[in-house]
>>> print(open('protein.txt').read())   # compact mmCIF, C-alpha atoms and all ligand atoms
# COMPACT_ATOMS: atom_id res chain seq x y z
CA MET A 10 -26.55 0.06 24.72
CA GLY A 11 -28.65 3.25 24.70
CA LEU A 12 -27.32 6.77 24.26
CA VAL A 13 -23.54 7.05 23.88
CA SER A 14 -21.22 9.93 23.03
CA THR A 15 -17.99 9.54 21.10
CA PRO A 16 -15.58 11.58 19.01
CA ALA A 17 -16.49 11.04 15.36
CA ILE A 18 -15.60 12.11 11.82
CA VAL A 19 -18.26 12.36 9.09
CA LEU A 20 -17.08 10.16 6.23
CA HIS A 21 -20.17 10.29 4.08
CA ALA A 22 -23.54 12.02 4.16
CA ILE A 23 -26.57 11.74 1.90
CA LYS A 24 -30.02 13.26 2.04
CA TYR A 25 -32.73 10.84 3.04
CA GLY A 26 -36.30 11.72 2.28
CA GLU A 27 -37.39 15.32 2.62
CA THR A 28 -35.78 16.21 5.90
CA SER A 29 -33.26 13.61 7.03
CA LYS A 30 -29.68 12.64 6.35
CA ILE A 31 -27.92 9.32 6.53
CA VAL A 32 -24.30 9.59 7.60
CA LYS A 33 -21.37 7.23 7.89
CA LEU A 34 -19.21 8.06 10.84
CA ALA A 35 -15.75 6.94 11.84
CA THR A 36 -16.11 6.91 15.61
CA ARG A 37 -13.28 6.58 18.08
CA ASP A 38 -15.08 4.23 20.43
CA TYR A 39 -17.54 2.26 18.28
CA GLY A 40 -15.81 1.85 14.89
CA ILE A 41 -17.61 2.74 11.66
CA GLN A 42 -21.31 3.43 12.19
CA SER A 43 -24.15 4.34 9.84
CA ALA A 44 -26.76 6.57 11.39
CA ILE A 45 -29.85 8.49 10.46
CA ALA A 46 -30.05 12.14 11.50
CA LYS A 47 -33.75 12.84 11.53
CA GLY A 48 -34.65 16.38 10.60
CA ALA A 49 -31.06 17.26 9.63
CA GLY A 50 -32.29 18.62 6.30
CA ARG A 51 -34.62 21.14 7.93
CA PRO A 52 -33.44 24.76 7.96
CA LYS A 53 -33.69 25.06 11.73
CA SER A 54 -32.48 21.58 12.55
CA ARG A 55 -30.55 21.02 15.77
CA PHE A 56 -27.76 19.63 13.58
CA GLY A 57 -27.41 23.02 11.87
CA ALA A 58 -25.08 22.78 8.88
CA GLN A 59 -22.74 20.60 10.87
CA LEU A 60 -22.96 17.21 9.26
CA GLU A 61 -20.47 18.16 6.56
CA ILE A 62 -18.18 15.51 5.11
CA LEU A 63 -14.75 15.47 6.82
CA SER A 64 -15.91 17.50 9.80
CA GLU A 65 -15.16 16.15 13.26
CA GLY A 66 -16.96 16.47 16.54
CA THR A 67 -18.82 14.65 19.27
CA ALA A 68 -21.58 12.34 18.06
CA HIS A 69 -24.44 11.36 20.34
CA LEU A 70 -25.80 8.07 19.12
CA TYR A 71 -28.58 5.72 20.12
CA LEU A 72 -26.68 2.49 19.58
CA LYS A 73 -28.18 -0.93 19.17
CA PRO A 74 -25.46 -3.40 18.20
CA SER A 75 -28.00 -5.59 16.37
CA ARG A 76 -29.08 -2.74 14.10
CA GLU A 77 -27.32 -1.64 10.91
CA LEU A 78 -28.65 1.90 10.99
CA GLN A 79 -28.25 3.77 14.26
CA THR A 80 -29.95 7.00 15.28
CA LEU A 81 -27.89 10.17 15.56
CA ALA A 82 -29.33 12.28 18.35
CA GLY A 83 -26.85 15.13 18.02
CA PHE A 84 -23.48 16.21 16.66
CA GLU A 85 -21.34 19.00 18.10
CA VAL A 86 -18.79 20.02 15.56
CA LEU A 87 -15.26 20.77 16.77
CA ARG A 88 -13.40 20.94 13.48
CA LEU A 89 -14.96 21.82 10.12
CA ARG A 90 -11.64 21.88 8.23
CA PRO A 91 -12.60 24.50 5.63
CA GLY A 92 -9.05 24.26 4.25
CA LEU A 93 -9.92 20.89 2.72
CA ALA A 94 -12.88 22.14 0.73
CA GLY A 95 -10.93 25.13 -0.60
CA GLU A 96 -8.55 23.25 -2.87
CA VAL A 97 -9.34 20.27 -5.05
CA ARG A 98 -5.99 18.55 -4.44
CA ARG A 99 -6.48 18.68 -0.66
CA TYR A 100 -10.08 17.49 -0.86
CA ALA A 101 -9.20 14.68 -3.28
CA ALA A 102 -6.45 13.35 -1.00
CA ALA A 103 -8.74 13.50 2.05
CA GLN A 104 -11.39 11.61 0.12
CA VAL A 105 -8.91 8.82 -0.67
CA LEU A 106 -8.30 8.40 3.06
CA THR A 107 -12.01 8.27 3.90
CA GLU A 108 -12.69 5.88 1.02
CA LEU A 109 -9.99 3.50 2.28
CA VAL A 110 -11.31 3.70 5.84
CA LEU A 111 -14.89 3.09 4.70
CA ARG A 112 -14.00 0.13 2.49
CA CYS A 113 -11.10 -1.49 4.29
CA ALA A 114 -11.12 -0.62 7.98
CA PRO A 115 -11.89 -3.47 10.39
CA ALA A 116 -15.44 -3.44 11.77
CA GLU A 117 -14.35 -3.41 15.40
CA PRO A 118 -13.33 -0.05 16.90
CA HIS A 119 -9.70 1.03 16.79
CA ALA A 120 -9.01 4.29 18.57
CA TRP A 121 -5.60 4.63 16.90
CA LEU A 122 -7.15 4.44 13.44
CA PHE A 123 -9.53 7.26 14.39
CA GLU A 124 -6.68 9.35 15.81
CA PHE A 125 -4.59 8.70 12.71
CA LEU A 126 -7.39 9.83 10.38
CA SER A 127 -8.03 12.94 12.47
CA ARG A 128 -4.33 13.90 12.46
CA GLN A 129 -3.92 13.35 8.73
CA LEU A 130 -7.03 15.37 7.84
CA ASP A 131 -5.69 18.25 9.95
CA ARG A 132 -2.38 18.01 8.16
CA LEU A 133 -3.94 17.90 4.69
CA ALA A 134 -6.00 20.98 5.59
CA GLU A 135 -3.02 22.94 6.85
CA VAL A 136 0.12 21.84 5.01
CA THR A 137 1.64 24.33 2.55
CA SER A 138 0.88 23.81 -1.13
CA VAL A 139 4.51 22.94 -1.80
CA LYS A 140 4.39 20.03 0.67
CA LEU A 141 0.86 18.89 -0.16
CA ASP A 142 1.78 16.11 -2.62
CA GLU A 143 4.20 14.63 -0.14
CA ALA A 144 1.74 14.90 2.77
CA ALA A 145 -0.99 13.22 0.72
CA LEU A 146 1.24 10.38 -0.49
CA SER A 147 2.56 9.82 3.00
CA ALA A 148 -0.91 9.80 4.58
CA VAL A 149 -2.23 7.22 2.11
CA TRP A 150 0.87 5.01 2.32
CA GLN A 151 0.74 5.08 6.12
CA LEU A 152 -2.93 4.11 6.08
CA VAL A 153 -2.14 1.22 3.73
CA ARG A 154 0.55 0.14 6.20
CA ILE A 155 -1.79 0.49 9.20
CA LEU A 156 -4.39 -1.63 7.41
CA GLY A 157 -1.81 -4.40 7.18
CA PHE A 158 -0.53 -4.02 3.62
CA ALA A 159 2.88 -2.43 4.15
CA PRO A 160 5.05 -2.72 1.05
CA GLN A 161 8.23 -4.74 1.51
CA LEU A 162 11.11 -2.29 1.13
CA ASP A 163 13.87 -3.88 3.21
CA TYR A 164 14.57 -7.04 1.26
CA CYS A 165 13.32 -8.89 -1.84
CA ALA A 166 9.55 -9.40 -1.54
CA ARG A 167 9.80 -12.74 -3.38
CA ASP A 168 12.74 -14.60 -1.91
CA GLY A 169 13.88 -12.46 1.02
CA ARG A 170 17.33 -11.81 -0.43
CA SER A 171 19.01 -8.61 0.58
CA LEU A 172 18.90 -5.76 -1.90
CA GLY A 173 21.83 -3.64 -3.01
CA ALA A 174 21.84 0.08 -2.49
CA GLY A 175 20.69 2.49 -5.17
CA ALA A 176 18.04 2.05 -7.83
CA ALA A 177 15.69 -0.93 -7.41
CA ARG A 178 12.70 -2.59 -9.00
CA PHE A 179 9.26 -2.51 -7.43
CA SER A 180 6.77 -5.26 -8.18
CA ILE A 181 3.15 -4.37 -7.46
CA SER A 182 1.94 -7.96 -7.48
CA ASP A 183 4.73 -9.12 -5.17
CA GLY A 184 4.06 -6.23 -2.81
CA GLY A 185 7.43 -4.51 -2.77
CA LEU A 186 10.98 -4.31 -4.01
CA VAL A 187 12.44 -7.36 -5.73
CA CYS A 188 16.05 -8.38 -6.38
CA SER A 189 17.40 -8.36 -9.92
CA ALA A 190 17.14 -12.16 -10.22
CA CYS A 191 13.45 -12.08 -9.29
CA ALA A 192 12.78 -9.00 -11.41
CA ALA A 193 13.78 -10.82 -14.62
CA GLY A 194 10.70 -11.45 -16.73
CA ARG A 195 8.35 -9.76 -14.25
CA ARG A 196 6.43 -6.52 -14.58
CA THR A 197 8.21 -4.04 -12.36
CA ALA A 198 8.67 -0.31 -12.01
CA LEU A 199 12.22 0.99 -11.81
CA LEU A 200 12.74 3.30 -8.85
CA SER A 201 15.75 5.58 -8.92
CA ARG A 202 17.82 5.81 -5.76
CA ASP A 203 16.02 9.05 -4.86
CA ASP A 204 12.56 7.62 -5.53
CA ARG A 205 13.34 4.54 -3.48
CA GLU A 206 14.49 6.69 -0.60
CA ALA A 207 11.43 8.92 -0.95
CA LEU A 208 9.14 5.89 -0.86
CA GLN A 209 10.77 4.71 2.36
CA HIS A 210 10.13 8.08 4.00
CA LEU A 211 6.56 8.29 2.70
CA VAL A 212 5.61 4.86 4.05
CA ALA A 213 7.30 5.51 7.40
CA GLY A 214 5.55 8.87 7.66
CA SER A 215 8.65 10.77 8.76
CA TYR A 216 7.51 14.34 8.34
CA ASP A 217 10.91 15.89 8.62
CA SER A 218 12.12 13.77 5.75
CA PRO A 219 14.31 15.31 3.09
CA VAL A 220 11.77 14.21 0.48
CA ASN A 221 11.16 16.93 -2.03
CA LEU A 222 9.27 15.48 -4.95
CA SER A 223 8.93 17.36 -8.19
CA ALA A 224 5.37 17.54 -9.50
CA ARG A 225 6.22 14.92 -12.12
CA HIS A 226 7.73 12.55 -9.56
CA ALA A 227 4.77 13.05 -7.23
CA ALA A 228 2.44 12.04 -10.06
CA ALA A 229 4.52 8.89 -10.66
CA HIS A 230 4.39 8.07 -6.94
CA ARG A 231 0.60 8.56 -7.01
CA ARG A 232 0.28 6.09 -9.88
CA LEU A 233 2.42 3.50 -8.11
CA LEU A 234 0.43 3.85 -4.88
CA ALA A 235 -2.93 3.73 -6.68
CA ARG A 236 -1.92 0.54 -8.51
CA PHE A 237 -0.69 -0.97 -5.24
CA VAL A 238 -3.98 -0.23 -3.49
CA ARG A 239 -6.05 -1.60 -6.39
CA PHE A 240 -4.06 -4.82 -6.45
CA HIS A 241 -3.87 -5.49 -2.71
CA LEU A 242 -6.91 -3.82 -1.13
CA ALA A 243 -9.61 -3.25 -3.73
CA GLU A 244 -10.64 -6.88 -4.32
CA GLY A 245 -12.20 -5.89 -7.63
CA ARG A 246 -14.21 -3.02 -6.16
CA GLU A 247 -14.18 0.42 -7.71
CA PHE A 248 -12.33 3.10 -5.75
CA LYS A 249 -13.64 6.33 -7.20
CA ALA A 250 -11.78 8.78 -4.99
CA LEU A 251 -8.54 6.91 -5.67
CA ASP A 252 -9.15 7.01 -9.45
CA PHE A 253 -9.82 10.74 -9.30
CA TRP A 254 -6.76 11.45 -7.16
CA GLU A 255 -4.51 9.38 -9.43
CA ARG A 256 -5.63 11.33 -12.49
CA LEU A 257 -5.16 14.78 -11.02
CA PRO A 258 -2.94 16.94 -13.22
CA TRP A 259 0.60 17.45 -11.98
CA ARG A 260 -0.11 20.86 -10.58
CA ASP A 261 -3.20 23.01 -10.51
CA THR A 262 -1.92 25.83 -8.40
ZN ZN B 1 14.48 -11.98 -5.14
>>> encode(input="protein.txt", output="structure tokens")
Amino acid sequence: MGLVSTPAIVLHAIKYGETSKIVKLATRDYGIQSAIAKGAGRPKSRFGAQLEILSEGTAHLYLKPSRELQTLAGFEVLRLRPGLAGEVRRYAAAQVLTELVLRCAPAEPHAWLFEFLSRQLDRLAEVTSVKLDEAALSAVWQLVRILGFAPQLDYCARDGRSLGAGAARFSISDGGLVCSACAAGRRTALLSRDDREALQHLVAGSYDSPVNLSARHAAAHRRLLARFVRFHLAEGREFKALDFWERLPWRDT
């Protein structure tokens, strides 16, 4: 395929040898790619300090579809997103998104997945502290939905019966809300009317939603989401960024 250029986000970067780096990139046009950036560790490298995790730019890659490790010829950074590195809660949420993309995204390229990740990283970098919990929960829930694991919130996830209004029970293993008959004898989490409504807004990603989670409720929503991801997407693998994000204290600001 030769030399190609594509918008890309750095998901992961490690030093390789004395002077090189190996990066994982989410690219818009060629899906997830691993690439070696030769000389990127040198002080006067042409990559400069630009191969930072979560930064976005134009990657110039020598692509050979048969190869697992491509060669990165250059990277022009467009967005460094310093706002993400400045606050642990922002960085932790962004890391959950990149971890999910790295582990669970389909191998073939999906431009919309790239655009989604780019938009959500911008939002996490810029949203006010007060709205950060909600933005983070919404970004991760939307990604779960995009990856094909939307929780069932419209009717009973077990038997399809309609659900009454108000408080409802959520079953992780069944993948959504369950009716009271199905909830009997099963492990479920009780969602208040407000929490149920909040969950609907978070999954739909409606930014202008009236959701206003208290720190305690946000922590409960984080636990529910983390358990949902572990059950449906992790397949026994460890999700370190997710574990860290779930255990964040209620508020560190
Ligand atoms: Zn049911």
>>> residues_near_ligand(input="protein.txt", ligand="ligand ZN 1 (chain B)", cutoff="8 Å", atoms="only C-alpha atoms and all ligand atoms", output="number ranges by chain")
A: 165-170, 187-192
>>> atom_distance(input="protein.txt", atom1="CA of Ile18 (chain A)", atom2="CA of Thr36 (chain A)")
6.5 Å
>>> closest_residue(input="protein.txt", among="A:Gln161, A:Ser171, A:Gln104, A:Ser182", to="Ala145 (chain A)", atoms="all atoms listed in the file")
A:Gln104
>>> closest_residue(input="protein.txt", among="A:His119, A:His230, A:Lys30, A:Arg195", to="Val212 (chain A)", atoms="all atoms listed in the file")
A:His230
>>> closest_residue(input="protein.txt", among="A:Leu70, A:Ile155, A:Val97, A:Val13", to="Phe123 (chain A)", atoms="all atoms listed in the file")
A:Ile155
>>> atom_distance(input="protein.txt", atom1="CA of Ala227 (chain A)", atom2="CA of Asp203 (chain A)")
12.2 Å
>>> residues_around(input="protein.txt", residues="Gln59 (chain A)", least_positions_apart="5", cutoff="10 Å", atoms="all atoms listed in the file", output="list in words")
Val19, Ala49, Ser54, Ser64, Glu65, Gly66, Gly83, Phe84, Glu85, Val86, Leu87, Arg88 and Leu89 of chain A
>>> residues_around(input="protein.txt", residues="Arg246 (chain A)", least_positions_apart="6", cutoff="12 Å", atoms="all atoms listed in the file", output="mmCIF file with C-alpha atoms, in the coordinates of the input")
data_model
loop_
_atom_site.group_PDB
_atom_site.id
_atom_site.type_symbol
_atom_site.label_atom_id
_atom_site.label_comp_id
_atom_site.auth_asym_id
_atom_site.auth_seq_id
_atom_site.Cartn_x
_atom_site.Cartn_y
_atom_site.Cartn_z
ATOM 1 C CA GLU A 108 -12.690 5.880 1.020
ATOM 2 C CA LEU A 109 -9.990 3.500 2.280
ATOM 3 C CA ARG A 112 -14.000 0.130 2.490
ATOM 4 C CA CYS A 113 -11.100 -1.490 4.290
ATOM 5 C CA VAL A 238 -3.980 -0.230 -3.490
ATOM 6 C CA ARG A 239 -6.050 -1.600 -6.390
ATOM 7 C CA PHE A 240 -4.060 -4.820 -6.450
ATOM 8 C CA ASP A 252 -9.150 7.010 -9.450
#
>>> closest_residue(input="protein.txt", among="A:Ser29, A:Thr15, A:Ser138, A:Thr80", to="Ser43 (chain A)", atoms="only C-alpha atoms")
A:Thr80
>>> closest_residue(input="protein.txt", among="A:Ser223, A:Ala102, A:Leu251, A:Tyr25", to="Arg51 (chain A)", atoms="only C-alpha atoms")
A:Tyr25
>>> axis_aligned_box(input="protein.txt", around="region 40-59 of chain A", padding_each_side="8 Å", output="lines of an AutoDock Vina configuration file")
center_x = -25.2
center_y = 13.5
center_z = 11.0
size_x = 34.8
size_y = 39.2
size_z = 25.5
>>> decode(input="protein.txt", residues="region 171-185 of chain A", atoms="all heavy atoms", output="JSON list (two decimals), in the first residue's frame")
[["chain", "number", "residue", "atom", "x", "y", "z"],
["A", 171, "SER", "N", -43.49, -5.03, 28.86],
["A", 171, "SER", "CA", -43.31, -3.58, 29.07],
["A", 171, "SER", "C", -43.09, -3.31, 30.55],
["A", 171, "SER", "O", -43.53, -4.08, 31.41],
["A", 171, "SER", "CB", -44.52, -2.81, 28.54],
["A", 171, "SER", "OG", -45.68, -3.24, 29.21],
["A", 172, "LEU", "N", -42.41, -2.22, 30.82],
["A", 172, "LEU", "CA", -42.05, -1.88, 32.19],
["A", 172, "LEU", "C", -42.90, -0.70, 32.64],
["A", 172, "LEU", "O", -43.16, 0.21, 31.85],
["A", 172, "LEU", "CB", -40.58, -1.48, 32.27],
["A", 172, "LEU", "CG", -39.58, -2.55, 31.83],
["A", 172, "LEU", "CD1", -38.23, -1.90, 31.52],
["A", 172, "LEU", "CD2", -39.42, -3.60, 32.93],
["A", 173, "GLY", "N", -43.29, -0.70, 33.90],
["A", 173, "GLY", "CA", -44.02, 0.45, 34.42],
["A", 173, "GLY", "C", -43.10, 1.65, 34.55],
["A", 173, "GLY", "O", -41.88, 1.54, 34.41],
["A", 174, "ALA", "N", -43.70, 2.79, 34.81],
["A", 174, "ALA", "CA", -42.89, 3.99, 35.02],
["A", 174, "ALA", "C", -42.27, 3.94, 36.41],
["A", 174, "ALA", "O", -42.61, 3.08, 37.22],
["A", 174, "ALA", "CB", -43.76, 5.23, 34.87],
["A", 175, "GLY", "N", -41.34, 4.83, 36.66],
["A", 175, "GLY", "CA", -40.77, 4.95, 38.01],
["A", 175, "GLY", "C", -39.56, 4.07, 38.22],
["A", 175, "GLY", "O", -38.87, 3.69, 37.27],
["A", 176, "ALA", "N", -39.33, 3.73, 39.50],
["A", 176, "ALA", "CA", -38.15, 2.94, 39.85],
["A", 176, "ALA", "C", -38.17, 1.59, 39.10],
["A", 176, "ALA", "O", -39.24, 1.08, 38.77],
["A", 176, "ALA", "CB", -38.10, 2.70, 41.35],
["A", 177, "ALA", "N", -37.00, 1.03, 38.84],
["A", 177, "ALA", "CA", -36.94, -0.24, 38.12],
["A", 177, "ALA", "C", -35.66, -0.98, 38.50],
["A", 177, "ALA", "O", -34.74, -0.40, 39.07],
["A", 177, "ALA", "CB", -36.97, 0.00, 36.61],
["A", 178, "ARG", "N", -35.66, -2.27, 38.20],
["A", 178, "ARG", "CA", -34.49, -3.09, 38.55],
["A", 178, "ARG", "C", -33.64, -3.35, 37.31],
["A", 178, "ARG", "O", -34.16, -3.67, 36.24],
["A", 178, "ARG", "CB", -34.94, -4.39, 39.21],
["A", 178, "ARG", "CG", -35.60, -4.14, 40.55],
["A", 178, "ARG", "CD", -35.53, -5.33, 41.48],
["A", 178, "ARG", "NE", -35.79, -4.90, 42.86],
["A", 178, "ARG", "CZ", -34.84, -4.64, 43.75],
["A", 178, "ARG", "NH1", -33.57, -4.77, 43.43],
["A", 178, "ARG", "NH2", -35.16, -4.26, 44.98],
["A", 179, "PHE", "N", -32.34, -3.24, 37.50],
["A", 179, "PHE", "CA", -31.37, -3.42, 36.41],
["A", 179, "PHE", "C", -30.60, -4.70, 36.67],
["A", 179, "PHE", "O", -30.04, -4.89, 37.75],
["A", 179, "PHE", "CB", -30.42, -2.22, 36.36],
["A", 179, "PHE", "CG", -29.56, -2.18, 35.14],
["A", 179, "PHE", "CD1", -29.90, -1.42, 34.04],
["A", 179, "PHE", "CD2", -28.38, -2.92, 35.08],
["A", 179, "PHE", "CE1", -29.10, -1.38, 32.90],
["A", 179, "PHE", "CE2", -27.57, -2.88, 33.94],
["A", 179, "PHE", "CZ", -27.93, -2.11, 32.85],
["A", 180, "SER", "N", -30.58, -5.58, 35.71],
["A", 180, "SER", "CA", -29.83, -6.83, 35.84],
["A", 180, "SER", "C", -28.62, -6.79, 34.90],
["A", 180, "SER", "O", -28.78, -6.75, 33.68],
["A", 180, "SER", "CB", -30.75, -8.01, 35.48],
["A", 180, "SER", "OG", -29.96, -9.17, 35.24],
["A", 181, "ILE", "N", -27.44, -6.81, 35.51],
["A", 181, "ILE", "CA", -26.21, -6.77, 34.70],
["A", 181, "ILE", "C", -26.17, -7.94, 33.74],
["A", 181, "ILE", "O", -25.96, -7.79, 32.53],
["A", 181, "ILE", "CB", -24.96, -6.83, 35.62],
["A", 181, "ILE", "CG1", -24.93, -5.65, 36.58],
["A", 181, "ILE", "CG2", -23.68, -6.94, 34.78],
["A", 181, "ILE", "CD1", -24.34, -4.39, 36.08],
["A", 182, "SER", "N", -26.41, -9.15, 34.27],
["A", 182, "SER", "CA", -26.22, -10.34, 33.44],
["A", 182, "SER", "C", -27.25, -10.43, 32.32],
["A", 182, "SER", "O", -26.97, -10.98, 31.26],
["A", 182, "SER", "CB", -26.27, -11.61, 34.31],
["A", 182, "SER", "OG", -27.50, -11.66, 34.99],
["A", 183, "ASP", "N", -28.44, -9.84, 32.55],
["A", 183, "ASP", "CA", -29.45, -9.85, 31.49],
["A", 183, "ASP", "C", -29.30, -8.66, 30.54],
["A", 183, "ASP", "O", -29.97, -8.58, 29.53],
["A", 183, "ASP", "CB", -30.85, -9.85, 32.11],
["A", 183, "ASP", "CG", -31.13, -11.13, 32.85],
["A", 183, "ASP", "OD1", -30.96, -12.22, 32.26],
["A", 183, "ASP", "OD2", -31.49, -11.08, 34.05],
["A", 184, "GLY", "N", -28.44, -7.73, 30.90],
["A", 184, "GLY", "CA", -28.12, -6.63, 29.99],
["A", 184, "GLY", "C", -29.12, -5.49, 29.99],
["A", 184, "GLY", "O", -29.20, -4.76, 29.00],
["A", 185, "GLY", "N", -29.86, -5.31, 31.09],
["A", 185, "GLY", "CA", -30.75, -4.15, 31.11],
["A", 185, "GLY", "C", -31.79, -4.24, 32.21],
["A", 185, "GLY", "O", -31.66, -5.01, 33.17]]
